[in-house]
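Undergrad: Structure file upload_23.pdb (PDB, C-alpha atoms, pLDDT in the B column) right here:
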ATOM      1  CA  ASN A   1       0.966  -7.763 -13.347  1.00 66.00           C
ATOM      2  CA  LEU A   2       2.649  -8.101  -9.984  1.00 72.00           C
ATOM      3  CA  SER A   3       1.071  -9.961  -7.106  1.00 71.00           C
ATOM      4  CA  SER A   4       0.625  -8.223  -3.770  1.00 72.00           C
ATOM      5  CA  GLY A   5       3.908  -7.797  -1.947  1.00 78.00           C
ATOM      6  CA  THR A   6       7.046  -5.707  -1.544  1.00 87.00           C
ATOM      7  CA  TYR A   7       9.487  -5.398  -4.430  1.00 89.00           C
ATOM      8  CA  VAL A   8      12.796  -3.696  -5.231  1.00 90.00           C
ATOM      9  CA  TYR A   9      13.246  -1.728  -8.451  1.00 91.00           C
ATOM     10  CA  LYS A  10      16.948  -1.534  -9.290  1.00 90.00           C
ATOM     11  CA  VAL A  11      18.772  -0.044 -12.267  1.00 90.00           C
ATOM     12  CA  THR A  12      22.485  -0.638 -12.686  1.00 89.00           C
ATOM     13  CA  ALA A  13      24.876   0.869 -15.185  1.00 89.00           C
ATOM     14  CA  THR A  14      28.007  -0.913 -16.300  1.00 90.00           C
ATOM     15  CA  ASN A  15      30.966   0.328 -18.307  1.00 90.00           C
ATOM     16  CA  ALA A  16      34.420  -1.099 -18.969  1.00 88.00           C
ATOM     17  CA  SER A  17      35.741  -0.268 -15.513  1.00 88.00           C
ATOM     18  CA  THR A  18      32.825  -0.278 -13.056  1.00 88.00           C
ATOM     19  CA  THR A  19      29.233  -1.181 -12.249  1.00 87.00           C
ATOM     20  CA  ALA A  20      27.094   1.317 -10.362  1.00 87.00           C
ATOM     21  CA  THR A  21      23.569   1.148  -8.988  1.00 84.00           C
ATOM     22  CA  VAL A  22      21.766   4.181 -10.360  1.00 85.00           C
ATOM     23  CA  ILE A  23      18.326   3.528  -8.847  1.00 89.00           C
ATOM     24  CA  ASN A  24      17.451   1.284  -5.901  1.00 89.00           C
ATOM     25  CA  ARG A  25      13.885   1.739  -4.644  1.00 90.00           C
ATOM     26  CA  THR A  26      11.528  -0.452  -2.648  1.00 90.00           C
ATOM     27  CA  PHE A  27       7.812  -0.349  -3.444  1.00 86.00           C
ATOM     28  CA  THR A  28       4.697  -2.194  -2.346  1.00 81.00           C
ATOM     29  CA  VAL A  29       1.861  -3.530  -4.458  1.00 77.00           C
ATOM     30  CA  LYS A  30      -1.436  -3.761  -2.626  1.00 74.00           C
ATOM     31  CA  GLY A  31      -4.007  -6.165  -3.996  1.00 78.00           C
ATOM     32  CA  ASP A  32      -7.697  -5.660  -4.475  1.00 85.00           C
ATOM     33  CA  THR A  33      -8.803  -7.300  -1.233  1.00 89.00           C
ATOM     34  CA  ILE A  34     -12.276  -8.144   0.034  1.00 93.00           C
ATOM     35  CA  THR A  35     -12.944  -7.946   3.772  1.00 94.00           C
ATOM     36  CA  ALA A  36     -15.875  -8.216   6.168  1.00 97.00           C
ATOM     37  CA  SER A  37     -16.410  -5.993   9.197  1.00 97.00           C
ATOM     38  CA  GLY A  38     -18.957  -5.521  11.955  1.00 97.00           C
ATOM     39  CA  TYR A  39     -20.540  -8.899  11.270  1.00 98.00           C
ATOM     40  CA  ASN A  40     -22.200 -11.485  13.458  1.00 98.00           C
ATOM     41  CA  TYR A  41     -22.596 -15.251  13.101  1.00 98.00           C
ATOM     42  CA  PRO A  42     -24.262 -18.062  15.019  1.00 98.00           C
ATOM     43  CA  THR A  43     -22.258 -20.406  17.233  1.00 97.00           C
ATOM     44  CA  SER A  44     -25.129 -22.701  18.202  1.00 98.00           C
ATOM     45  CA  LEU A  45     -28.859 -22.617  17.548  1.00 98.00           C
ATOM     46  CA  LYS A  46     -31.849 -24.636  18.657  1.00 98.00           C
ATOM     47  CA  LYS A  47     -33.797 -26.339  15.871  1.00 98.00           C
ATOM     48  CA  GLY A  48     -36.385 -23.854  14.554  1.00 98.00           C
ATOM     49  CA  GLN A  49     -34.560 -20.830  15.987  1.00 98.00           C
ATOM     50  CA  ALA A  50     -34.270 -17.773  13.752  1.00 97.00           C
ATOM     51  CA  PHE A  51     -31.059 -15.753  13.518  1.00 98.00           C
ATOM     52  CA  SER A  52     -30.593 -12.324  11.936  1.00 98.00           C
ATOM     53  CA  ILE A  53     -27.316 -11.519  10.208  1.00 98.00           C
ATOM     54  CA  TYR A  54     -25.585  -8.195   9.726  1.00 98.00           C
ATOM     55  CA  GLY A  55     -22.221  -6.810   8.678  1.00 98.00           C
ATOM     56  CA  THR A  56     -20.521  -5.112   5.768  1.00 98.00           C
ATOM     57  CA  VAL A  57     -18.418  -6.637   2.991  1.00 98.00           C
ATOM     58  CA  THR A  58     -15.975  -4.226   1.343  1.00 96.00           C
ATOM     59  CA  SER A  59     -13.732  -4.442  -1.721  1.00 95.00           C
ATOM     60  CA  SER A  60     -10.647  -2.223  -1.530  1.00 91.00           C
ATOM     61  CA  SER A  61     -10.460  -1.208  -5.202  1.00 88.00           C
ATOM     62  CA  SER A  62     -12.975  -2.730  -7.599  1.00 92.00           C
ATOM     63  CA  ASN A  63     -16.696  -3.353  -7.292  1.00 95.00           C
ATOM     64  CA  ILE A  64     -18.041  -6.558  -5.774  1.00 97.00           C
ATOM     65  CA  LYS A  65     -19.390  -8.487  -8.764  1.00 97.00           C
ATOM     66  CA  SER A  66     -21.030 -11.346  -6.888  1.00 98.00           C
ATOM     67  CA  LEU A  67     -21.734 -12.140  -3.237  1.00 98.00           C
ATOM     68  CA  THR A  68     -23.223 -15.314  -1.769  1.00 98.00           C
ATOM     69  CA  CYS A  69     -24.343 -15.352   1.845  1.00 98.00           C
ATOM     70  CA  GLY A  70     -25.631 -18.608   3.236  1.00 98.00           C
ATOM     71  CA  VAL A  71     -25.485 -21.769   5.258  1.00 98.00           C
ATOM     72  CA  TYR A  72     -23.537 -24.711   3.845  1.00 98.00           C
ATOM     73  CA  THR A  73     -23.247 -28.346   4.842  1.00 98.00           C
ATOM     74  CA  THR A  74     -19.809 -29.340   6.119  1.00 96.00           C
ATOM     75  CA  GLY A  75     -19.404 -30.980   2.689  1.00 96.00           C
ATOM     76  CA  GLY A  76     -19.803 -27.611   0.963  1.00 96.00           C
ATOM     77  CA  SER A  77     -23.383 -27.729  -0.374  1.00 97.00           C
ATOM     78  CA  LEU A  78     -25.501 -24.584  -0.006  1.00 98.00           C
ATOM     79  CA  LYS A  79     -28.568 -25.302   2.177  1.00 98.00           C
ATOM     80  CA  THR A  80     -30.072 -21.821   2.368  1.00 98.00           C
ATOM     81  CA  GLY A  81     -28.937 -18.409   1.223  1.00 98.00           C
ATOM     82  CA  LYS A  82     -28.827 -15.969  -1.642  1.00 98.00           C
ATOM     83  CA  THR A  83     -26.430 -14.773  -4.337  1.00 98.00           C
ATOM     84  CA  VAL A  84     -26.576 -11.111  -5.341  1.00 98.00           C
ATOM     85  CA  SER A  85     -24.682  -8.890  -7.804  1.00 98.00           C
ATOM     86  CA  PRO A  86     -24.019  -5.671  -5.856  1.00 97.00           C
ATOM     87  CA  ASN A  87     -21.787  -3.911  -8.432  1.00 96.00           C
ATOM     88  CA  ALA A  88     -20.575  -1.693  -5.574  1.00 97.00           C
ATOM     89  CA  LYS A  89     -17.477  -1.477  -3.364  1.00 96.00           C
ATOM     90  CA  SER A  90     -19.438  -2.355  -0.227  1.00 97.00           C
ATOM     91  CA  TYR A  91     -22.494  -4.418   0.602  1.00 98.00           C
ATOM     92  CA  ASN A  92     -24.673  -4.562   3.723  1.00 98.00           C
ATOM     93  CA  LEU A  93     -25.372  -8.204   4.652  1.00 98.00           C
ATOM     94  CA  LYS A  94     -28.671  -7.136   6.228  1.00 98.00           C
ATOM     95  CA  ASN A  95     -29.953  -6.974   2.619  1.00 98.00           C
ATOM     96  CA  VAL A  96     -29.821 -10.792   2.324  1.00 98.00           C
ATOM     97  CA  ASP A  97     -30.892 -11.602   5.890  1.00 98.00           C
ATOM     98  CA  ALA A  98     -34.437 -12.491   4.801  1.00 97.00           C
ATOM     99  CA  TYR A  99     -33.053 -15.183   2.438  1.00 98.00           C
ATOM    100  CA  VAL A 100     -30.977 -17.154   4.949  1.00 98.00           C
ATOM    101  CA  TYR A 101     -33.428 -19.447   6.766  1.00 98.00           C
ATOM    102  CA  PHE A 102     -31.592 -20.599   9.888  1.00 98.00           C
ATOM    103  CA  ASN A 103     -34.961 -21.653  11.369  1.00 98.00           C
ATOM    104  CA  ASN A 104     -35.441 -24.315   8.649  1.00 97.00           C
ATOM    105  CA  LEU A 105     -32.194 -26.186   9.373  1.00 98.00           C
ATOM    106  CA  ALA A 106     -32.275 -29.732  10.712  1.00 98.00           C
ATOM    107  CA  ALA A 107     -30.110 -30.664  13.693  1.00 98.00           C
ATOM    108  CA  GLY A 108     -26.467 -30.911  12.658  1.00 98.00           C
ATOM    109  CA  THR A 109     -23.267 -29.022  11.966  1.00 98.00           C
ATOM    110  CA  TYR A 110     -23.116 -26.260   9.341  1.00 98.00           C
ATOM    111  CA  ASP A 111     -20.876 -23.509   8.005  1.00 98.00           C
ATOM    112  CA  TYR A 112     -22.075 -19.916   7.713  1.00 98.00           C
ATOM    113  CA  LYS A 113     -20.219 -18.409   4.749  1.00 98.00           C
ATOM    114  CA  VAL A 114     -20.014 -15.168   2.850  1.00 98.00           C
ATOM    115  CA  ILE A 115     -18.225 -15.548  -0.481  1.00 97.00           C
ATOM    116  CA  ALA A 116     -17.521 -12.491  -2.622  1.00 97.00           C
ATOM    117  CA  THR A 117     -15.979 -11.909  -6.055  1.00 96.00           C
ATOM    118  CA  ASN A 118     -14.264  -8.784  -7.362  1.00 94.00           C
ATOM    119  CA  SER A 119     -11.771  -8.169 -10.187  1.00 89.00           C
ATOM    120  CA  ALA A 120      -9.013  -9.930  -8.205  1.00 85.00           C
ATOM    121  CA  GLY A 121     -11.016 -13.152  -7.791  1.00 88.00           C
ATOM    122  CA  THR A 122     -13.218 -14.943  -5.292  1.00 90.00           C
ATOM    123  CA  THR A 123     -12.682 -14.775  -1.534  1.00 92.00           C
ATOM    124  CA  THR A 124     -14.460 -16.488   1.346  1.00 94.00           C
ATOM    125  CA  VAL A 125     -14.630 -13.536   3.730  1.00 95.00           C
ATOM    126  CA  ILE A 126     -16.612 -15.245   6.506  1.00 97.00           C
ATOM    127  CA  ASN A 127     -16.496 -18.978   7.269  1.00 98.00           C
ATOM    128  CA  LYS A 128     -17.847 -19.899  10.705  1.00 98.00           C
ATOM    129  CA  ARG A 129     -18.948 -23.356  11.844  1.00 98.00           C
ATOM    130  CA  PHE A 130     -22.011 -23.697  14.064  1.00 98.00           C
ATOM    131  CA  THR A 131     -24.382 -26.365  15.318  1.00 98.00           C
ATOM    132  CA  VAL A 132     -28.138 -26.792  15.376  1.00 98.00           C
ATOM    133  CA  SER A 133     -29.498 -29.037  18.141  1.00 98.00           C
TER     134      SER A 133
END
Could you render the structure from this file as structure tokens?

TA:
Amino acid sequence: NLSSGTYVYKVTATNASTTATVINRTFTVKGDTITASGYNYPTSLKKGQAFSIYGTVTSSSSNIKSLTCGVYTTGGSLKTGKTVSPNAKSYNLKNVDAYVYFNNLAAGTYDYKVIATNSAGTTTVINKRFTVS
């Protein structure tokens, strides 16, 4: 299995008197990427303030097996959020909006993250720091 990237496929033939390149082709392998589009995120909130999230997470080839959307401490612990198993190539973040309680966060600094897994592995597709004051 080749990683994503550009490669050259070359076949050479050699006899007693010469070596010749018979095939010399460049090709590209594209990985099974996960991306987010059309999404929003908080930059700063007042304590007790609600915030509604939206956006779409898309896997280029395989289905999204797992997706976690939530608020994490700067140390990486999940404070509020939800993990789902979409088993689809795209997922609307609005579906987990009701499970991310921005209004329950204490004053401090947090990371809003969306982490998704497909057949290629796990990718943090959104990672945005924000403050609650």

Undergrad: Going by the chain IDs and residue numbers used in this file, which residues fall under the PyMOL selection byres ((chain A and resi 11) around 7)? Write them as a PyMOL selection string.

TA: chain A and resi 9-10+12-13+21-24

Undergrad: For segment 51-53 of chain A, list every protein, DNA or RNA residue within 7 Å, evaluated using all atoms listed in the file, and leave out those in the same chain fewer than 6 positions away; present the list as a PyMOL selection string.

TA: chain A and resi 40-41+93-94+97+102

Undergrad: Considering only C-alpha atoms, can you say which of A:Ser37, A:Thr109, A:Ser133, A:Thr122 comes closest to Thr74 of chain A?

TA: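 Nearest candidate to Thr74 of chain A out of A:Ser37, A:Thr109, A:Ser133, A:Thr122: A:Thr109.
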
Undergrad: Between atom CA of Ser61 of chain A and atom CA of Ser4 of chain A, what is the distance in Å, rounded to a tenth?

TA: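 Straight-line distance from atom CA of Ser61 of chain A to atom CA of Ser4 of chain A works out to 13.2 Å.
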
Undergrad: What is the atom CA of Ser119 of chain A to atom CA of Cys69 of chain A distance in Å?

TA: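 Going from atom CA of Ser119 of chain A over to atom CA of Cys69 of chain A covers 18.8 Å.
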
Undergrad: Fewer than 4 positions away in the same chain doesn't count, so skip those; otherwise give me all residues within 8 Å of Ser90 of chain A, counting all atoms listed in the file, as a PDB file with C-alpha atoms, in the coordinates of the input.

TA:
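New file result_35.pdb:
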ATOM      1  CA  THR A  56     -20.521  -5.112   5.768  1.00 98.00           C
ATOM      2  CA  VAL A  57     -18.418  -6.637   2.991  1.00 98.00           C
ATOM      3  CA  THR A  58     -15.975  -4.226   1.343  1.00 96.00           C
ATOM      4  CA  SER A  59     -13.732  -4.442  -1.721  1.00 95.00           C
ATOM      5  CA  ASN A  63     -16.696  -3.353  -7.292  1.00 95.00           C
ATOM      6  CA  ILE A  64     -18.041  -6.558  -5.774  1.00 97.00           C
ATOM      7  CA  PRO A  86     -24.019  -5.671  -5.856  1.00 97.00           C
TER       8      PRO A  86
END

Undergrad: Enter the distance from atom CA of Lys65 of chain A to atom CA of Thr80 of chain A, in Å, rounded to one decimal.

TA: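 Computing it gives 20.4 Å between the two atoms.
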
Undergrad: Please determine, counting all atoms listed in the file, which residue among A:Ile34, A:Val8, A:Leu78, A:Leu105 has the shortest atom-to-atom distance to Ala120 of chain A.

TA: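 Of all the options, A:Ile34 lies closest to Ala120 of chain A.
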
Undergrad: Taking all atoms listed in the file into account, name the residue in A:Tyr7, A:Tyr39, A:Tyr91, A:Tyr99 that is nearest to Leu67 of chain A.

TA: A:Tyr91

Undergrad: Kindly indicate which residue among A:Ser85, A:Asn127, A:Thr117, A:Asn103 lies nearest to Tyr72 of chain A, using only C-alpha atoms for the distances.

TA: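 Smallest distance to Tyr72 of chain A is found for A:Asn127.
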
Undergrad: Return as a list of chain:residue names the set of residues that the PyMOL selection byres ((chain A and resi 114) around 9) yields on the displayed structure.

TA: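 Selected by the PyMOL selection byres ((chain A and resi 114) around 9) in this file: A:Ala36, A:Val57, A:Leu67, A:Thr68, A:Cys69, A:Gly70, A:Val71, A:Leu93, A:Tyr112, A:Lys113, A:Ile115, A:Ala116, A:Thr123, A:Thr124, A:Val125, A:Ile126, A:Asn127.
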
Undergrad: Go through A:Gly81, A:Tyr54, A:Tyr110, A:Ala20 and flag the residue nearest Gly38 of chain A, using all atoms listed in the file for the distances.

TA: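 Ranked by minimum distance to Gly38 of chain A, first place goes to A:Tyr54.
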
Undergrad: Would you give the centre and edge lengths, in Å to one decimal, of a box along x, y and z around the listed atoms of segment 94-102 of chain A, with 4 Å added to each side, as AutoDock Vina command-line options?

TA:
--center_x -31.6 --center_y -13.8 --center_z 6.1 --size_x 13.8 --size_y 21.6 --size_z 15.6

Undergrad: With only C-alpha atoms as the basis for distance, which of A:Lys46, A:Arg25, A:Lys89, A:Lys30 is at the shortest distance from Phe130 of chain A?

TA: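 Of all the options, A:Lys46 lies closest to Phe130 of chain A.
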